[in-house]
Amino acid sequence: MSRTEKEVCNLVRTVYRNHKNYWKESASLMKKLKNTYETRMFKDIQFDVSQIRIEIADAFAFVEGFVASLFSKFPAVEVGRDSVRKGNDKVVKALVNRWLYDQRQMLENASRLALIYPNAFFKLSYKNSNVIFDRISLRPVPPWEIITDNDASKWSEQRFVGHAYYLPVAKAKELYGAKKYQAVVKSDFFEQSAHPYKTAQDEDIPDEYKYIEVVELYDLIYDCLYIWSPNYSNGEKLLEETSPIPVRTYDDEPLPPIVPLYYSRIPDSPMEGYSSLFRIYDQIYEKNIIRSFWANAIRRDSRQYLYKEGSVDEEALAKITAGIDGAMIPIDADSLEGIIKPLEVVPMSANFDRYLAAVEGDLQRGSVLAPFVRGEATKATATEVAALANYTSSEIGKMARERDEAVELMSQIYIRMLVDLLKAEDVEDTVIAEGEVYRVTSDKLEGKFRFAAADQSNTPIASIMKRQELVELLPILQGLGVDPTKIKEELIRQFDLPKQFGEAVEAPAAPVAPPVAVAGPPIAEEAPPSQLPSEALAQQLAQSIPEMPTSTPETF
């Protein structure tokens with residue numbers, strides 16, 4: 001049963017409005033998280049301009065600490081064929097790893113988005129390139145651009161998923177024809193307003209520099225892709241309808257080119273996600289308040305003096321409160337000893353130190369990263385450090401598994417999109433896989449493949465722990481009689497040593513003992529054949545030697 005265009009437009013409009021309203025209510029919180037990461041938490045908070053504001057970089061350290069702990073090498077996958085015996089897994093692996101090699105920065109940027117905001121996504125799309133294998137691009141997408149079915153319990157059970165974005169008018173005409181578009185100026189998500197499109201200044205901008213908002217909605221129930229815009233025909237018509245969804249799995253199921261990345265989830269609403277940075281937002285805010293208070297208080301910790309004169313008036317009080325260094329404040333006090341007396345400055349209460357320590361403790365508990373992972377020196381014992389390392393490794397390993405699942409899904413989508421390109425253009429190209437040259441056709445990429453991220457939740461901290469444990473086990477392994485060659489291979493693999501270290505080295509020949517001297521007349525040693533002169537050389541030497549006289553010369 002198919003829907004009419006009016007029914008489809010009503011569906012897309014409803015989903016789009018719900019999505020917009022949801023993120024409009026969350027925009028202020030998202031802006032706070034963004035400013036906190038950028039160390040600009042006080043940017044939109046009203047403060048007395050005479051007060052100093054100090055911000056710490058704990059949010060930046062929190063996010064970048066996770067990113068550094070999650071990524072150590074370039075992303076890669078292992079590929080194996082499933083029960084359907086089609087295609088060539090060697091070619092698939094070579095093509096995917098060739099493409100993933102250039103995507104590390106995209107993965108890191110998406111991880112930052114997923115840590116700062118509730119989640120993040122990847123979008124795969126086609127692009128122009130002379131090499132057919134490079135015609136698929138990947139970019140990270142913030143959560144407010146992706147339309148999700150929040151009623152679903154997991155990604156594969158969604159009824160729909162979409163992408164709302166701004167498209168230049170010139171590009172829209174190229175893709176969807178020269179229609180009559182209601183061009184608008186691109187609005188900033190963090191600057192929500194009642195009329196995000198039109199301002200007095202926008203009227204002077206030519207349409208060539210404006211945009212239309214486009215919604216790609218993948219209807220997974222009816223297997224249709226709807227492309228709709230609120231800036232075309234007042235949203236009453238579709239820009240384009242594609243049925244079925246273009247990208248398909250090996251068994252002809254729809255495969256939207258959108259990949260999720262969730263590092264934290266709300267248990268009863270897993271599709272919404274949860275910001276890891278928001279977990280420690282209050283503690284960072286309190287630390288900034290304390291540090292700002294200290295910064296203002298320390299500037300009033302100055303030398304001030306009292307001297308006898310009339311009673312303290314408003315001018316004198318102003319000098320005291322201003323905290324001017326070396327200020328002389330006249331007073332009329334019979335109890336003042338001497339002519340000049342320093343004004344005592346009461347030290348700050350110890351409650352500030354205790355409160356800051358409590359905030360620091362809350363901040364540490366809100367982060368799974370151990371202090372030494374962030375480069376902080378601690379007084380922990382070796383046993384405590386090992387326990388913290390194991391805990392940190394397991395928690396980061398959990399996040400690494402989320403990263404691996406995203407890499408595996410985008411690898412599958414890349415291959416399926418590449419199959420469509422090869423079929424549509426009927427071209428062939430070559431790739432080197434395990435030292436052999438293969439001619440790539442769509443048939444070699446068909447079939448069911450299983451993708452597994454090469455690291456499989458491996459992280460820098462996990463690698464360090466494995467190396468340390470391996471070194472500690474060496475005496476035990478040798479005592480158990482494990483083949484030394486196998487131990488050497490594992491050491492080379494774990495420590496990323498050159499493969500030449502594993503090659504066998506020929507032992508040098510044993511030196512020959514010199515002959516034992518025997519008493520008797522010396523025996524002339526015969527020169528080796530390589531050192532004997534040739535016959536021609538011997539004749540030349542004989543001619544060059546002058547003839548010796550036969551008679552004894554006369555003596556004077």
# chains A, B, ... in the order shown; residues from 1 in each chain; ligands from 1
call {"tool": "select_by_dssp", "arguments": {"residues": "range 24-196 of chain A", "states": "alpha helix (DSSP H)", "output": "PDB file with C-alpha atoms, in the first residue's frame"}}
result
ATOM      1  CA  LYS A  24      15.170  23.960  20.212  1.00  0.00           C
ATOM      2  CA  GLU A  25      14.478  23.198  23.870  1.00  0.00           C
ATOM      3  CA  SER A  26      17.944  21.662  24.208  1.00  0.00           C
ATOM      4  CA  ALA A  27      19.820  24.445  22.390  1.00  0.00           C
ATOM      5  CA  SER A  28      20.638  26.434  25.528  1.00  0.00           C
ATOM      6  CA  LEU A  29      22.101  23.370  27.252  1.00  0.00           C
ATOM      7  CA  MET A  30      24.088  22.412  24.150  1.00  0.00           C
ATOM      8  CA  LYS A  31      25.489  25.939  24.027  1.00  0.00           C
ATOM      9  CA  LYS A  32      26.559  25.716  27.684  1.00  0.00           C
ATOM     10  CA  LEU A  33      28.372  22.459  26.991  1.00  0.00           C
ATOM     11  CA  LYS A  34      30.054  23.924  23.911  1.00  0.00           C
ATOM     12  CA  ASN A  35      31.222  26.992  25.841  1.00  0.00           C
ATOM     13  CA  THR A  36      32.484  24.830  28.697  1.00  0.00           C
ATOM     14  CA  TYR A  37      34.637  22.742  26.341  1.00  0.00           C
ATOM     15  CA  ASP A  58      39.037  20.737  32.996  1.00  0.00           C
ATOM     16  CA  ALA A  59      36.335  20.234  30.346  1.00  0.00           C
ATOM     17  CA  PHE A  60      38.886  20.381  27.540  1.00  0.00           C
ATOM     18  CA  ALA A  61      41.182  17.976  29.413  1.00  0.00           C
ATOM     19  CA  PHE A  62      38.247  15.624  30.057  1.00  0.00           C
ATOM     20  CA  VAL A  63      37.227  15.398  26.393  1.00  0.00           C
ATOM     21  CA  GLU A  64      40.720  15.323  24.909  1.00  0.00           C
ATOM     22  CA  GLY A  65      41.832  12.765  27.502  1.00  0.00           C
ATOM     23  CA  PHE A  66      39.184  10.366  26.241  1.00  0.00           C
ATOM     24  CA  VAL A  67      40.009  11.067  22.594  1.00  0.00           C
ATOM     25  CA  ALA A  68      43.706  10.433  23.225  1.00  0.00           C
ATOM     26  CA  SER A  69      42.883   7.221  25.097  1.00  0.00           C
ATOM     27  CA  LEU A  70      40.547   5.928  22.390  1.00  0.00           C
ATOM     28  CA  ASP A  89      37.239 -10.865   1.281  1.00  0.00           C
ATOM     29  CA  LYS A  90      40.861  -9.917   0.505  1.00  0.00           C
ATOM     30  CA  VAL A  91      39.735  -7.276  -1.990  1.00  0.00           C
ATOM     31  CA  VAL A  92      37.047  -5.985   0.384  1.00  0.00           C
ATOM     32  CA  LYS A  93      39.561  -5.683   3.229  1.00  0.00           C
ATOM     33  CA  ALA A  94      42.101  -3.855   1.053  1.00  0.00           C
ATOM     34  CA  LEU A  95      39.494  -1.375  -0.232  1.00  0.00           C
ATOM     35  CA  VAL A  96      37.971  -0.643   3.188  1.00  0.00           C
ATOM     36  CA  ASN A  97      41.317  -0.171   4.931  1.00  0.00           C
ATOM     37  CA  ARG A  98      42.512   2.018   2.085  1.00  0.00           C
ATOM     38  CA  TRP A  99      39.461   4.240   2.622  1.00  0.00           C
ATOM     39  CA  LEU A 100      39.570   4.160   6.440  1.00  0.00           C
ATOM     40  CA  ARG A 104      41.020   9.110  11.397  1.00  0.00           C
ATOM     41  CA  GLN A 105      40.416  12.844  11.784  1.00  0.00           C
ATOM     42  CA  MET A 106      36.726  12.346  11.043  1.00  0.00           C
ATOM     43  CA  LEU A 107      36.511   9.673  13.742  1.00  0.00           C
ATOM     44  CA  GLU A 108      38.225  11.890  16.301  1.00  0.00           C
ATOM     45  CA  ASN A 109      35.975  14.863  15.520  1.00  0.00           C
ATOM     46  CA  ALA A 110      32.868  12.704  15.850  1.00  0.00           C
ATOM     47  CA  SER A 111      34.161  11.383  19.185  1.00  0.00           C
ATOM     48  CA  ARG A 112      34.496  14.943  20.460  1.00  0.00           C
ATOM     49  CA  LEU A 113      30.905  15.639  19.432  1.00  0.00           C
ATOM     50  CA  ALA A 114      29.700  12.425  21.109  1.00  0.00           C
ATOM     51  CA  LEU A 115      31.481  13.338  24.364  1.00  0.00           C
ATOM     52  CA  ILE A 116      30.349  16.971  24.489  1.00  0.00           C
ATOM     53  CA  VAL A 169      20.424  27.246  -3.741  1.00  0.00           C
ATOM     54  CA  ALA A 170      22.803  26.695  -6.662  1.00  0.00           C
ATOM     55  CA  LYS A 171      23.420  23.102  -5.549  1.00  0.00           C
ATOM     56  CA  ALA A 172      19.685  22.546  -5.049  1.00  0.00           C
ATOM     57  CA  LYS A 173      18.995  23.656  -8.616  1.00  0.00           C
ATOM     58  CA  GLU A 174      21.693  21.289  -9.854  1.00  0.00           C
ATOM     59  CA  LEU A 175      20.257  18.320  -7.956  1.00  0.00           C
ATOM     60  CA  TYR A 176      16.493  18.927  -8.046  1.00  0.00           C
TER      61      TYR A 176
END
call {"tool": "residues_around", "arguments": {"residues": "Tyr222 in chain A", "least_positions_apart": "2", "cutoff": "10 Å", "atoms": "only C-alpha atoms", "output": "list in words"}}
result
Met1, Ser2, Arg3, Arg159, Phe160, Tyr218, Asp219, Leu220, Cys224, Leu225, Ser243, Pro244 and Ile245 of chain A
call {"tool": "write_last_selection", "arguments": {"atoms": "C-alpha atoms", "output": "PDB file, in the first residue's frame"}}
result
ATOM      1  CA  MET A   1       0.000   0.000   0.000  1.00  0.00           C
ATOM      2  CA  SER A   2       1.504   3.316  -1.067  1.00  0.00           C
ATOM      3  CA  ARG A   3       0.990   6.793   0.337  1.00  0.00           C
ATOM      4  CA  ARG A 159      10.934   3.052  11.765  1.00  0.00           C
ATOM      5  CA  PHE A 160      12.619   6.046  10.176  1.00  0.00           C
ATOM      6  CA  TYR A 218      14.487   7.231   5.151  1.00  0.00           C
ATOM      7  CA  ASP A 219      11.140   5.485   5.679  1.00  0.00           C
ATOM      8  CA  LEU A 220      12.194   1.988   6.752  1.00  0.00           C
ATOM      9  CA  CYS A 224      11.276   4.878   0.572  1.00  0.00           C
ATOM     10  CA  LEU A 225      13.568   7.876   0.643  1.00  0.00           C
ATOM     11  CA  SER A 243      11.741   4.034  -3.938  1.00  0.00           C
ATOM     12  CA  PRO A 244      13.268   1.792  -2.812  1.00  0.00           C
ATOM     13  CA  ILE A 245      16.055   3.283  -0.651  1.00  0.00           C
TER      14      ILE A 245
END
call {"tool": "residues_around", "arguments": {"residues": "range 201-217 of chain A", "least_positions_apart": "6", "cutoff": "9 Å", "atoms": "only C-alpha atoms", "output": "VMD selection string"}}
result
chain A and resid 12 16 147 160 to 170 172 181 to 186 224 to 232 239
call {"tool": "atom_distance", "arguments": {"atom1": "CA of Ile290 in chain A", "atom2": "CA of Ala322 in chain A"}}
result
20.4 Å
call {"tool": "closest_residue", "arguments": {"among": "A:Ile284, A:Val440, A:Ile52, A:Leu491", "to": "Glu360 in chain A", "atoms": "only C-alpha atoms"}}
result
A:Ile284
call {"tool": "atom_distance", "arguments": {"atom1": "CA of Lys499 in chain A", "atom2": "CA of Pro475 in chain A"}}
result
23.2 Å
call {"tool": "atom_distance", "arguments": {"atom1": "CA of Phe74 in chain A", "atom2": "CA of Trp144 in chain A"}}
result
28.0 Å
call {"tool": "residues_around", "arguments": {"residues": "Phe449 in chain A", "least_positions_apart": "5", "cutoff": "7 Å", "atoms": "only C-alpha atoms", "output": "PyMOL selection string"}}
result
chain A and resi 79-82
call {"tool": "residues_around", "arguments": {"residues": "Asp251 in chain A", "least_positions_apart": "3", "cutoff": "10 Å", "atoms": "only C-alpha atoms", "output": "NGL selection string"}}
result
:A and (248 or 254 or 446-448)
call {"tool": "residues_around", "arguments": {"residues": "Arg139 in chain A", "least_positions_apart": "3", "cutoff": "8 Å", "atoms": "only C-alpha atoms", "output": "VMD selection string"}}
result
chain A and resid 106 122 to 124
call {"tool": "write_last_selection", "arguments": {"atoms": "C-alpha atoms", "output": "PDB file, in the first residue's frame"}}
result
ATOM      1  CA  MET A 106      36.726  12.346  11.043  1.00  0.00           C
ATOM      2  CA  PHE A 122      28.592   9.897  10.496  1.00  0.00           C
ATOM      3  CA  LYS A 123      27.119  10.568   7.070  1.00  0.00           C
ATOM      4  CA  LEU A 124      28.446   8.828   3.957  1.00  0.00           C
TER       5      LEU A 124
END
call {"tool": "select_by_dssp", "arguments": {"residues": "range 14-154 of chain A", "states": "strand (DSSP E or B)", "output": "ChimeraX atom specification"}}
result
/A:77-81,120-126,136-141,146-147
call {"tool": "closest_residue", "arguments": {"among": "A:Asn288, A:Phe133, A:Leu238, A:Asp102", "to": "Arg40 in chain A", "atoms": "only C-alpha atoms"}}
result
A:Asn288
call {"tool": "residues_around", "arguments": {"residues": "Glu272 in chain A", "least_positions_apart": "5", "cutoff": "8 Å", "atoms": "only C-alpha atoms", "output": "short mmCIF file (atom, residue, chain, number, x, y, z; two decimals) with N, CA and C atoms, in the first residue's frame"}}
result
data_model
loop_
_atom_site.label_atom_id
_atom_site.label_comp_id
_atom_site.auth_asym_id
_atom_site.auth_seq_id
_atom_site.Cartn_x
_atom_site.Cartn_y
_atom_site.Cartn_z
N PRO A 118 24.96 14.72 23.46
CA PRO A 118 24.43 13.38 23.78
C PRO A 118 24.93 12.28 22.85
N ASN A 119 25.21 12.59 21.60
CA ASN A 119 25.67 11.58 20.65
C ASN A 119 26.23 12.29 19.43
N ASN A 150 13.02 8.14 18.44
CA ASN A 150 13.35 8.00 19.85
C ASN A 150 12.52 6.94 20.57
N ARG A 265 24.33 6.45 27.23
CA ARG A 265 22.92 6.38 26.88
C ARG A 265 22.05 6.52 28.12
N ILE A 266 20.83 7.01 27.89
CA ILE A 266 19.80 7.00 28.93
C ILE A 266 19.13 5.63 28.87
#
